[in-house]
Amino acid sequence: MFSLLYRMVRDRALAEDLAQETFIKVLNGIKSYRPEFKFSSWIFKIANNAAIDHLRRKSIDTLSLDGSPSAETPEQMRATSLQLGDRAESPLDEVESRELGTAIERAIARLRPEYRSCILLRHVEGYSYEEIAETLELPLGTVKTYIHRARNELRVYLEDRRD
Amino acid sequence: MTDISMHLTTDEIELWAQGLLPAARAIHLADCSLCRVEAERERKVILELVQLPRFAPTAGFADRVMARVKVPTPSRDWTA
């Protein structure tokens, strides 16, 4: 669950805060747990909602090192990209750039948050399409569409990088 | 029933990447270069995803969580 949160928000300290918030909600709200759901799905659902809420509040869902995915010109890419030299890099930043700096991690970061949750649950957590639909409260067809689109986008990002 | 000449769907390509593609469809894959290229590209992405490392929170995380959880204290009968 921490891995999902970390990859969603790409900030270790924030991911820990959200994980903490998730576990406190789970443990304090244990009476509202419905046993017909998988317990881990319930936890992932609360964690994912916390991450999505955070991203919506902060409107950083399209923020990436390479600039906004909607940027079409080099000028727009530069204007929307993160400038790493703008602030001194702390030891924690170094850990994050080491952990999330690979091509695949950077490609995941460029996906829409909804695509990101689905693809991480499917291929990193090993959930079935049905379990993802239940966890994220999405129609099964939507989950399939999101995962297929996410994989296509990842392919394009990764192949562009290799060219 | 799926026509053997039909190209693989994205679901079938995922099954193939997991080693679960039914034999009848595997025949098509063996004969169709378009599907093989597509399946190989898809497999590479899936492989990169499944090999991603797991991350753990910093030490003391569980203690910090438990410190903020309301643990119900059993009511005690002081007269007993």
# chains A, B, ... in the order shown; residues from 1 in each chain; ligands from 1
$ interface_residues --of "chain B" --to "chain A" --cutoff "6 Å" --atoms "only C-alpha atoms" --output "PyMOL selection string"
chain B and resi 49-50+54-55+65+69
$ write_last_selection --atoms "N, CA and C atoms" --output "tab-separated table (two decimals), in the first residue's frame"
chain	number	residue	atom	x	y	z
B	49	LEU	N	6.86	-3.45	-15.41
B	49	LEU	CA	5.94	-3.12	-14.30
B	49	LEU	C	6.01	-4.16	-13.18
B	50	VAL	N	6.01	-5.44	-13.57
B	50	VAL	CA	6.00	-6.47	-12.51
B	50	VAL	C	7.33	-6.54	-11.77
B	54	ARG	N	9.35	-2.83	-4.38
B	54	ARG	CA	8.39	-2.44	-3.34
B	54	ARG	C	9.09	-1.44	-2.44
B	55	PHE	N	8.36	-0.47	-1.97
B	55	PHE	CA	8.94	0.50	-1.04
B	55	PHE	C	8.29	0.33	0.33
B	65	VAL	N	1.64	5.27	13.82
B	65	VAL	CA	0.22	5.04	13.52
B	65	VAL	C	-0.52	4.65	14.80
B	69	VAL	N	-4.10	5.92	17.08
B	69	VAL	CA	-5.33	5.11	16.98
B	69	VAL	C	-6.02	5.07	18.34
